[in-house]
$ cat final.tsv   # TSV, C-alpha atoms and all ligand atoms
chain	number	residue	atom	x	y	z
A	22	MET	CA	22.49	-7.61	30.10
A	23	LEU	CA	19.12	-8.46	28.68
A	24	ARG	CA	17.77	-11.83	27.74
A	25	PHE	CA	17.30	-11.89	23.95
A	26	ASP	CA	13.49	-11.73	24.12
A	27	GLU	CA	13.63	-8.81	26.59
A	28	PHE	CA	15.98	-6.95	24.24
A	29	VAL	CA	13.63	-7.49	21.26
A	30	ASP	CA	10.51	-6.60	23.23
A	31	GLU	CA	12.04	-3.34	24.36
A	32	ARG	CA	13.22	-2.39	20.84
A	33	LEU	CA	9.82	-3.14	19.30
A	34	TYR	CA	7.32	-1.95	21.88
A	35	SER	CA	8.88	0.46	24.37
A	36	ALA	CA	6.47	3.39	24.74
A	37	ASP	CA	9.03	6.08	23.87
A	38	HIS	CA	11.33	4.43	21.32
A	39	GLY	CA	9.80	1.14	20.23
A	40	PHE	CA	9.66	0.52	16.46
A	41	TYR	CA	5.86	0.16	16.49
A	42	GLU	CA	5.32	3.27	18.60
A	43	LEU	CA	7.51	5.40	16.33
A	44	GLY	CA	5.40	4.77	13.24
A	45	GLY	CA	6.81	1.43	12.06
A	46	GLN	CA	4.12	-0.48	10.20
A	47	ALA	CA	3.12	-2.73	7.32
A	48	GLY	CA	2.39	-0.99	4.04
A	49	ARG	CA	3.86	0.10	0.74
A	50	ALA	CA	4.78	3.77	0.49
A	51	ARG	CA	4.37	4.61	4.20
A	52	GLY	CA	5.35	1.19	5.53
A	53	ASP	CA	8.49	-0.79	6.30
A	54	PHE	CA	7.44	-4.21	4.97
A	55	VAL	CA	4.69	-5.59	2.76
A	56	THR	CA	2.37	-8.26	4.13
A	57	SER	CA	-0.26	-10.27	2.24
A	58	VAL	CA	-2.82	-7.77	3.47
A	59	GLU	CA	-0.90	-4.89	1.90
A	60	VAL	CA	-0.51	-6.62	-1.48
A	61	GLY	CA	-4.07	-5.54	-2.33
A	62	PRO	CA	-7.72	-6.35	-1.55
A	63	LEU	CA	-7.66	-10.00	-2.71
A	64	PHE	CA	-6.24	-11.46	0.51
A	65	SER	CA	-9.00	-9.84	2.57
A	66	VAL	CA	-11.65	-11.18	0.16
A	67	LEU	CA	-10.30	-14.70	0.73
A	68	ILE	CA	-10.16	-14.28	4.50
A	69	GLY	CA	-13.83	-13.24	4.19
A	70	ARG	CA	-14.54	-16.47	2.29
A	71	TRP	CA	-12.83	-18.49	5.03
A	72	LEU	CA	-14.90	-16.67	7.68
A	73	ASP	CA	-18.06	-17.63	5.78
A	74	LEU	CA	-17.03	-21.29	5.86
A	75	VAL	CA	-16.41	-21.17	9.61
A	76	TRP	CA	-19.64	-19.26	10.18
A	77	ALA	CA	-21.62	-21.91	8.27
A	78	ASP	CA	-19.78	-24.69	10.09
A	79	LEU	CA	-20.69	-23.18	13.46
A	80	GLY	CA	-24.39	-22.93	12.52
A	81	GLU	CA	-24.40	-19.24	11.45
A	82	PRO	CA	-24.19	-17.70	14.95
A	83	ALA	CA	-25.31	-14.10	15.40
A	84	PRO	CA	-23.39	-12.25	16.56
A	85	PHE	CA	-20.38	-13.92	14.93
A	86	ILE	CA	-17.42	-12.63	16.93
A	87	VAL	CA	-14.11	-12.41	15.10
A	88	ALA	CA	-11.00	-10.97	16.76
A	89	GLU	CA	-8.03	-10.09	14.60
A	90	ALA	CA	-4.79	-9.77	16.53
A	91	GLY	CA	-1.73	-7.80	15.47
A	92	ALA	CA	-4.12	-5.80	13.32
A	93	GLY	CA	-1.69	-2.94	12.76
A	94	ARG	CA	-3.36	0.00	11.00
A	95	GLY	CA	-6.53	-2.06	10.41
A	96	ALA	CA	-6.11	-2.83	6.70
A	97	LEU	CA	-7.30	-6.45	6.93
A	98	ALA	CA	-10.31	-5.48	9.04
A	99	ALA	CA	-11.24	-2.77	6.54
A	100	GLY	CA	-10.68	-5.16	3.63
A	101	VAL	CA	-12.87	-7.91	5.09
A	102	LEU	CA	-15.72	-5.50	5.82
A	103	ALA	CA	-15.44	-3.97	2.33
A	104	ALA	CA	-15.56	-7.45	0.76
A	105	ARG	CA	-19.00	-7.97	2.34
A	106	PRO	CA	-18.77	-11.71	3.10
A	107	ARG	CA	-22.07	-13.61	3.58
A	108	CYS	CA	-21.65	-13.40	7.37
A	109	SER	CA	-21.51	-9.57	7.28
A	110	ALA	CA	-24.82	-8.90	9.04
A	111	ALA	CA	-23.81	-11.12	11.96
A	112	LEU	CA	-20.14	-10.14	12.00
A	113	ARG	CA	-18.77	-8.35	15.08
A	114	TYR	CA	-15.15	-7.61	14.21
A	115	LEU	CA	-12.64	-6.66	16.88
A	116	THR	CA	-9.03	-5.72	16.43
A	117	ILE	CA	-6.34	-6.45	19.00
A	118	GLU	CA	-3.25	-4.28	18.59
A	119	ARG	CA	-0.50	-3.78	21.16
A	120	SER	CA	0.89	-0.51	19.78
A	121	ALA	CA	-1.02	2.54	21.03
A	122	ALA	CA	0.18	4.51	17.98
A	123	LEU	CA	-1.22	1.90	15.57
A	124	ARG	CA	-4.49	1.60	17.52
A	125	ALA	CA	-4.91	5.34	17.13
A	126	SER	CA	-4.12	5.15	13.41
A	127	GLN	CA	-6.91	2.62	12.86
A	128	GLN	CA	-9.35	5.54	12.94
A	129	GLU	CA	-8.25	6.37	9.40
A	130	LEU	CA	-9.53	3.06	8.00
A	131	LEU	CA	-12.12	1.80	10.46
A	132	ASP	CA	-15.39	3.14	11.84
A	133	GLU	CA	-17.37	2.43	15.00
A	134	ARG	CA	-18.37	-1.03	13.73
A	135	VAL	CA	-14.92	-2.27	14.79
A	136	ARG	CA	-13.91	-2.33	18.46
A	137	SER	CA	-10.24	-2.07	19.22
A	138	LEU	CA	-8.51	-3.85	22.12
A	139	ALA	CA	-4.92	-3.56	23.32
A	140	ALA	CA	-4.35	-7.18	24.33
A	141	LEU	CA	-5.80	-10.67	23.98
A	142	GLU	CA	-6.43	-10.68	27.74
A	143	GLN	CA	-9.18	-8.06	27.16
A	144	LEU	CA	-11.09	-10.43	24.88
A	145	ASP	CA	-13.84	-12.61	26.32
A	146	ASP	CA	-15.16	-15.41	24.17
A	147	ALA	CA	-14.94	-15.27	20.38
A	148	HIS	CA	-15.81	-17.58	17.51
A	149	VAL	CA	-12.57	-16.83	15.69
A	150	VAL	CA	-9.19	-15.44	16.66
A	151	LEU	CA	-6.99	-14.82	13.63
A	152	ALA	CA	-3.74	-13.03	12.89
A	153	ASN	CA	-1.51	-12.42	9.91
A	154	GLU	CA	2.18	-12.02	10.77
A	155	LEU	CA	1.69	-11.62	14.50
A	156	LEU	CA	3.69	-14.59	15.80
A	157	ASP	CA	6.96	-13.49	14.17
A	158	ASN	CA	6.67	-10.27	16.19
A	159	LEU	CA	6.25	-11.95	19.60
A	160	ALA	CA	9.76	-11.70	21.02
A	161	PRO	CA	11.58	-15.06	20.92
A	162	ARG	CA	14.16	-16.45	23.31
A	163	VAL	CA	17.27	-17.88	21.63
A	164	LEU	CA	18.87	-21.07	22.92
A	165	GLN	CA	22.18	-22.71	22.15
A	166	ARG	CA	22.49	-26.49	22.25
A	167	ARG	CA	25.10	-28.08	24.45
A	168	ALA	CA	25.66	-31.74	25.32
A	169	GLY	CA	22.75	-32.78	27.51
A	170	GLY	CA	20.99	-29.40	27.63
A	171	TRP	CA	20.71	-25.80	26.49
A	172	ASP	CA	22.36	-22.47	27.17
A	173	GLU	CA	20.45	-19.22	26.81
A	174	VAL	CA	21.49	-16.33	24.57
A	175	TRP	CA	21.65	-12.83	26.10
A	176	MET	CA	22.48	-9.40	24.69
A	177	ASP	CA	25.35	-7.71	26.49
A	178	GLY	CA	24.87	-4.31	28.16
A	179	SER	CA	26.08	-2.28	25.18
A	180	ALA	CA	24.07	-4.42	22.73
A	181	GLU	CA	27.30	-5.25	20.91
A	182	ARG	CA	27.43	-8.99	21.45
A	183	LEU	CA	25.17	-11.97	21.90
A	184	ILE	CA	26.42	-14.23	24.68
A	185	ALA	CA	25.32	-17.77	25.48
A	186	LEU	CA	25.20	-18.43	29.23
A	187	ALA	CA	24.70	-21.67	31.05
A	188	GLY	CA	21.29	-22.35	32.43
A	189	ASP	CA	18.58	-24.87	31.80
A	190	PRO	CA	15.68	-22.87	30.43
A	191	LEU	CA	14.19	-25.93	28.80
A	192	ALA	CA	14.50	-28.33	31.71
A	193	ASP	CA	10.76	-29.00	31.33
A	194	GLY	CA	10.93	-29.72	27.59
A	195	GLY	CA	9.61	-27.60	24.70
A	196	ILE	CA	11.96	-28.23	21.77
A	197	ASP	CA	12.77	-31.56	20.17
A	198	ALA	CA	16.54	-31.56	20.76
A	199	SER	CA	17.23	-34.69	18.74
A	200	GLU	CA	17.58	-32.71	15.50
A	201	ILE	CA	19.75	-29.93	16.95
A	202	PRO	CA	23.55	-30.36	16.88
A	203	VAL	CA	25.70	-29.17	19.79
A	204	GLY	CA	26.65	-25.50	19.29
A	205	ALA	CA	23.62	-24.65	17.11
A	206	ARG	CA	21.36	-21.77	18.04
A	207	VAL	CA	17.59	-21.93	17.57
A	208	PRO	CA	14.69	-19.69	18.56
A	209	TRP	CA	12.39	-20.73	21.37
A	210	VAL	CA	9.02	-19.06	20.76
A	211	GLU	CA	7.78	-19.44	24.29
A	212	GLN	CA	5.71	-16.25	24.14
A	213	ALA	CA	4.07	-17.17	20.82
A	214	SER	CA	3.21	-20.62	22.13
A	215	ALA	CA	1.57	-19.19	25.27
A	216	TRP	CA	-0.31	-16.65	23.12
A	217	VAL	CA	-1.77	-19.39	20.87
A	218	GLN	CA	-2.79	-21.40	23.94
A	219	ALA	CA	-4.58	-18.35	25.37
A	220	ALA	CA	-6.31	-17.75	22.00
A	221	MET	CA	-7.52	-21.35	21.90
A	222	GLU	CA	-9.01	-20.99	25.36
A	223	ARG	CA	-11.15	-18.10	24.08
A	224	VAL	CA	-12.69	-19.78	21.03
A	225	ALA	CA	-14.25	-22.92	22.59
A	226	THR	CA	-15.71	-24.64	19.50
A	227	GLY	CA	-14.48	-21.98	17.06
A	228	ARG	CA	-11.17	-21.51	15.26
A	229	VAL	CA	-7.74	-19.98	15.70
A	230	LEU	CA	-6.09	-19.10	12.39
A	231	LEU	CA	-2.48	-17.91	12.26
A	232	ILE	CA	-0.49	-17.13	9.14
A	233	ASP	CA	3.23	-16.47	9.26
A	234	TYR	CA	6.65	-17.23	7.86
A	235	GLY	CA	8.57	-20.05	9.41
A	236	THR	CA	9.14	-23.77	9.28
A	237	ALA	CA	7.25	-26.88	10.30
A	238	THR	CA	10.10	-27.99	12.59
A	239	THR	CA	12.74	-26.29	14.73
A	240	GLY	CA	15.44	-28.46	13.16
A	241	GLU	CA	14.89	-26.76	9.78
A	242	LEU	CA	16.10	-23.49	11.30
A	243	VAL	CA	19.54	-24.81	12.24
A	244	GLY	CA	22.18	-22.82	10.37
A	245	ARG	CA	19.62	-20.40	8.95
A	246	PRO	CA	19.52	-16.69	9.80
A	247	PHE	CA	16.20	-17.00	11.63
A	248	ILE	CA	16.22	-13.43	12.96
A	249	ARG	CA	15.10	-10.93	10.31
A	250	THR	CA	14.99	-7.16	10.57
A	251	TYR	CA	12.95	-4.79	8.41
A	252	ARG	CA	13.10	-1.09	7.85
A	253	ASN	CA	11.99	0.86	4.78
A	254	HIS	CA	11.57	-2.41	2.89
A	255	THR	CA	15.16	-3.46	3.53
A	256	VAL	CA	15.76	-6.88	5.12
A	257	GLY	CA	18.69	-7.56	7.46
A	258	HIS	CA	19.72	-10.28	9.89
A	259	ARG	CA	21.94	-8.54	12.43
A	260	VAL	CA	20.92	-6.95	15.71
A	261	GLY	CA	23.20	-4.61	17.60
A	262	PRO	CA	23.52	-1.19	19.23
A	263	ASP	CA	22.24	0.54	16.09
A	264	THR	CA	19.15	-1.68	15.78
A	265	ASN	CA	16.82	1.16	16.62
A	266	ALA	CA	13.48	1.87	15.00
A	267	VAL	CA	13.85	-1.42	13.15
A	268	ASP	CA	11.41	-4.32	13.06
A	269	ILE	CA	13.00	-7.43	14.61
A	270	THR	CA	11.25	-10.70	13.76
A	271	VAL	CA	11.77	-14.44	13.93
A	272	ASP	CA	11.03	-17.30	11.55
A	273	VAL	CA	8.40	-19.21	13.50
A	274	PRO	CA	9.08	-22.91	14.26
A	275	PHE	CA	5.48	-24.14	14.15
A	276	ASP	CA	6.31	-27.39	16.00
A	277	GLN	CA	6.81	-25.33	19.18
A	278	LEU	CA	3.18	-24.11	19.10
A	279	PRO	CA	0.32	-26.02	20.74
A	280	ARG	CA	-0.45	-29.33	19.04
A	281	GLY	CA	-3.46	-30.09	16.89
A	282	ALA	CA	-3.13	-27.50	14.12
A	283	VAL	CA	-3.76	-28.32	10.49
A	284	LEU	CA	-0.89	-26.78	8.51
A	285	ALA	CA	-0.83	-25.73	4.86
A	286	THR	CA	1.25	-23.43	2.74
A	287	GLN	CA	-0.45	-20.12	2.04
A	288	ALA	CA	-0.53	-20.97	-1.69
A	289	ALA	CA	-2.34	-24.28	-1.09
A	290	TRP	CA	-4.70	-22.71	1.45
A	291	LEU	CA	-5.69	-19.88	-0.88
A	292	GLU	CA	-6.18	-22.38	-3.72
A	293	GLY	CA	-8.59	-24.24	-1.46
A	294	LEU	CA	-10.53	-21.02	-0.91
A	295	GLY	CA	-10.89	-20.47	-4.65
A	296	ILE	CA	-8.21	-17.91	-5.49
A	297	GLY	CA	-7.96	-19.55	-8.93
A	298	GLU	CA	-11.56	-18.83	-9.84
A	299	LEU	CA	-11.28	-15.23	-8.62
A	300	VAL	CA	-8.26	-14.77	-10.88
A	301	ASP	CA	-10.10	-16.29	-13.85
A	302	GLU	CA	-12.97	-13.89	-13.20
A	303	GLY	CA	-10.45	-11.02	-13.03
A	304	ARG	CA	-8.95	-12.03	-16.39
A	305	ARG	CA	-12.42	-12.21	-17.95
A	306	VAL	CA	-13.45	-8.76	-16.68
A	307	TRP	CA	-10.12	-7.30	-17.82
A	308	THR	CA	-10.55	-8.79	-21.31
A	309	GLU	CA	-14.07	-7.35	-21.55
A	310	ARG	CA	-13.30	-3.94	-20.09
A	311	ALA	CA	-9.65	-3.23	-20.87
A	312	HIS	CA	-10.70	-0.87	-23.67
A	313	VAL	CA	-12.93	1.05	-21.20
A	314	GLY	CA	-10.08	1.32	-18.70
A	315	ASP	CA	-12.44	2.03	-15.79
A	316	LEU	CA	-11.87	1.17	-12.13
A	317	ALA	CA	-13.51	-2.26	-12.49
A	318	ALA	CA	-11.08	-3.11	-15.32
A	319	VAL	CA	-8.03	-1.95	-13.39
A	320	ARG	CA	-9.12	-3.82	-10.24
A	321	ALA	CA	-9.69	-6.98	-12.26
A	322	ARG	CA	-6.21	-6.70	-13.81
A	323	SER	CA	-4.60	-6.06	-10.45
A	324	ARG	CA	-6.17	-9.25	-9.04
A	325	VAL	CA	-4.00	-11.34	-11.36
A	326	GLY	CA	-0.78	-9.76	-10.09
A	327	GLU	CA	-1.95	-9.94	-6.47
A	328	ALA	CA	-2.64	-13.66	-6.76
A	329	GLU	CA	0.83	-14.24	-8.19
A	330	ALA	CA	2.41	-12.47	-5.22
A	331	LEU	CA	0.20	-14.21	-2.64
A	332	CYS	CA	0.93	-17.68	-4.05
A	333	ASP	CA	4.62	-17.31	-4.97
A	334	PRO	CA	6.23	-20.34	-3.28
A	335	LYS	CA	9.48	-18.41	-2.71
A	336	GLY	CA	7.62	-15.58	-1.02
A	337	LEU	CA	4.18	-15.18	0.56
A	338	GLY	CA	2.89	-18.42	-0.96
A	339	GLY	CA	5.41	-20.35	1.12
A	340	PHE	CA	4.12	-18.92	4.41
A	341	ILE	CA	2.49	-21.38	6.79
A	342	VAL	CA	-1.24	-21.24	7.58
A	343	ALA	CA	-2.09	-22.97	10.85
A	344	GLU	CA	-5.67	-23.63	11.87
A	345	TRP	CA	-6.74	-24.95	15.26
A	346	ALA	CA	-10.27	-26.16	15.95
A	347	PRO	CA	-9.99	-26.84	19.68
A	348	GLY	CA	-13.54	-28.11	20.15
A	349	ALA	CA	-13.62	-30.41	17.12
A	350	PRO	CA	-13.65	-34.18	17.73
A	351	ARG	CA	-10.31	-35.85	16.93
B	1	LIG	C1	4.07	-7.60	11.28
B	1	LIG	S1	2.81	-6.59	11.89
B	1	LIG	C2	1.42	-7.28	11.00
B	1	LIG	C3	0.33	-6.27	10.69
B	1	LIG	C4	-0.87	-6.84	9.93
B	1	LIG	N1	-1.43	-7.99	10.60
B	1	LIG	C5	-0.54	-7.19	8.51
B	1	LIG	O1	-0.54	-8.39	8.18
B	1	LIG	O2	-0.29	-6.28	7.72
B	1	LIG	C6	2.57	-7.21	13.55
B	1	LIG	C7	1.66	-6.39	14.40
B	1	LIG	O3	1.39	-7.10	15.62
B	1	LIG	C8	1.36	-6.17	16.69
B	1	LIG	N2	1.55	-6.91	17.96
B	1	LIG	C9	2.70	-7.36	18.48
B	1	LIG	N3	2.48	-8.02	19.63
B	1	LIG	C10	1.14	-8.01	19.84
B	1	LIG	C11	0.29	-8.56	20.83
B	1	LIG	N4	0.76	-9.27	21.85
B	1	LIG	N5	-1.04	-8.34	20.71
B	1	LIG	C12	-1.53	-7.63	19.67
B	1	LIG	N6	-0.78	-7.08	18.70
B	1	LIG	C13	0.54	-7.28	18.76
B	1	LIG	C14	2.44	-5.19	16.32
B	1	LIG	O4	2.34	-3.99	17.04
B	1	LIG	C15	2.20	-5.05	14.81
B	1	LIG	O5	1.26	-4.06	14.53
$ encode --input "final.tsv" --output "structure tokens"
Amino acid sequence: MLRFDEFVDERLYSADHGFYELGGQAGRARGDFVTSVEVGPLFSVLIGRWLDLVWADLGEPAPFIVAEAGAGRGALAAGVLAARPRCSAALRYLTIERSAALRASQQELLDERVRSLAALEQLDDAHVVLANELLDNLAPRVLQRRAGGWDEVWMDGSAERLIALAGDPLADGGIDASEIPVGARVPWVEQASAWVQAAMERVATGRVLLIDYGTATTGELVGRPFIRTYRNHTVGHRVGPDTNAVDITVDVPFDQLPRGAVLATQAAWLEGLGIGELVDEGRRVWTERAHVGDLAAVRARSRVGEAEALCDPKGLGGFIVAEWAPGAPR
């Protein structure tokens, strides 16, 4: 038997048959799921704008060290550099990617300006640690509520059945049990929480920025299929013996992460960074150049559709953006 998080970790990252080592990745034609990064260049432009705000806020440090975790094939890194934010000359961009296969594939998009690390532990200090859709891929434990405590969910030896066994994994606290009825199962994102804590310890006065799908509270996940699987752009919710070469993810309960984050929906956060004005500019360029039909016109037109996808409240726009500023006065 394997504890649920051990089962997921093995299926996603095992060196010889893990989903991410066998070529699983974000992307359209060659990918298994589409992230905000893969919608088009607009998301990276806006991340660049946010980096400029942080850079200014920190007094324009040079070098300005930004580490992007769960960087996959490096599309966000490439997009930010191509967008040439104001901080470009000072920017030292690092990627952190657990999958050796994906680290190797970053050579297609990135040059020697970007250093690649395999784990957060290899990072010394940074001004910013950021990640898009990393937390949902840090293997969760699953707990089942019982009167006065919790049982833990395990996968049986043949991966046929999930079994809840007595134990008191949460004896020290970690989930607000008051909202969880007896018998309900919820994820416990112990690994994600420890990862965020470790990221905060590396940024001193800087920022940790994490964007993902999930809910503000654990209670909101009761009765919802919080485990999602992805393969070839098909979403599922069941894990079993045939869950091979499939992405297994969890809706992230943000209340289980370290305290102090400012939360916003992705739509609201991108509005605050000026996505609206970039779309207006795109519409204007398209109107002026549609008859020319050149690359500038097509890019401008595409920006409108990208913004719709990034801000759709039923999709990417409903994702949660969490920003920690550990050194800021409260
Ligand atoms: C859902 S993908 C997101 C890719 C990309 N950020 C995007 O938005 O398109 C998650 C990525 O995180 C990586 N990953 C998982 N655990 C990690 C860890 N502890 N440190 C760094 N990368 C990790 C996975 O290998 C995978 O490439």
$ residues_around --input "final.tsv" --residues "Thr116 in chain A" --least-positions-apart "5" --cutoff "7 Å" --atoms "all atoms listed in the file" --output "ChimeraX atom specification"
/A:88-90,92,136-138
$ write_last_selection --input "final.tsv" --atoms "C-alpha atoms" --output "mmCIF file, in the frame of the given file"
data_model
loop_
_atom_site.group_PDB
_atom_site.id
_atom_site.type_symbol
_atom_site.label_atom_id
_atom_site.label_comp_id
_atom_site.auth_asym_id
_atom_site.auth_seq_id
_atom_site.Cartn_x
_atom_site.Cartn_y
_atom_site.Cartn_z
ATOM 1 C CA ALA A 88 -11.000 -10.970 16.760
ATOM 2 C CA GLU A 89 -8.030 -10.090 14.600
ATOM 3 C CA ALA A 90 -4.790 -9.770 16.530
ATOM 4 C CA ALA A 92 -4.120 -5.800 13.320
ATOM 5 C CA ARG A 136 -13.910 -2.330 18.460
ATOM 6 C CA SER A 137 -10.240 -2.070 19.220
ATOM 7 C CA LEU A 138 -8.510 -3.850 22.120
#
$ atom_distance --input "final.tsv" --atom1 "CA of Gly303 in chain A" --atom2 "CA of Arg94 in chain A"
27.4 Å
$ closest_residue --input "final.tsv" --among "A:Ile232, A:Leu183, A:Val224, A:Val75" --to "ligand LIG 1 (chain B)" --atoms "all atoms listed in the file"
A:Ile232
$ residues_around --input "final.tsv" --residues "His254 in chain A" --least-positions-apart "6" --cutoff "8 Å" --atoms "only C-alpha atoms" --output "compact mmCIF listing (two decimals) with C-alpha atoms, in the frame of the given file"
# COMPACT_ATOMS: atom_id res chain seq x y z
CA GLY A 52 5.35 1.19 5.53
CA ASP A 53 8.49 -0.79 6.30
CA PHE A 54 7.44 -4.21 4.97
CA VAL A 55 4.69 -5.59 2.76
$ residues_around --input "final.tsv" --residues "range 324-327 of chain A" --least-positions-apart "2" --cutoff "9 Å" --atoms "only C-alpha atoms" --output "list in words"
Ser57, Val60, Gly61, Pro62, Leu63, Phe64, Leu299, Val300, Asp301, Gly303, Arg304, Val319, Arg320, Ala321, Arg322, Glu329, Ala330, Leu331 and Cys332 of chain A
$ write_last_selection --input "final.tsv" --atoms "C-alpha atoms" --output "compact mmCIF listing (two decimals), in the coordinates of the input"
# COMPACT_ATOMS: atom_id res chain seq x y z
CA SER A 57 -0.26 -10.27 2.24
CA VAL A 60 -0.51 -6.62 -1.48
CA GLY A 61 -4.07 -5.54 -2.33
CA PRO A 62 -7.72 -6.35 -1.55
CA LEU A 63 -7.66 -10.00 -2.71
CA PHE A 64 -6.24 -11.46 0.51
CA LEU A 299 -11.28 -15.23 -8.62
CA VAL A 300 -8.26 -14.77 -10.88
CA ASP A 301 -10.10 -16.29 -13.85
CA GLY A 303 -10.45 -11.02 -13.03
CA ARG A 304 -8.95 -12.03 -16.39
CA VAL A 319 -8.03 -1.95 -13.39
CA ARG A 320 -9.12 -3.82 -10.24
CA ALA A 321 -9.69 -6.98 -12.26
CA ARG A 322 -6.21 -6.70 -13.81
CA GLU A 329 0.83 -14.24 -8.19
CA ALA A 330 2.41 -12.47 -5.22
CA LEU A 331 0.20 -14.21 -2.64
CA CYS A 332 0.93 -17.68 -4.05
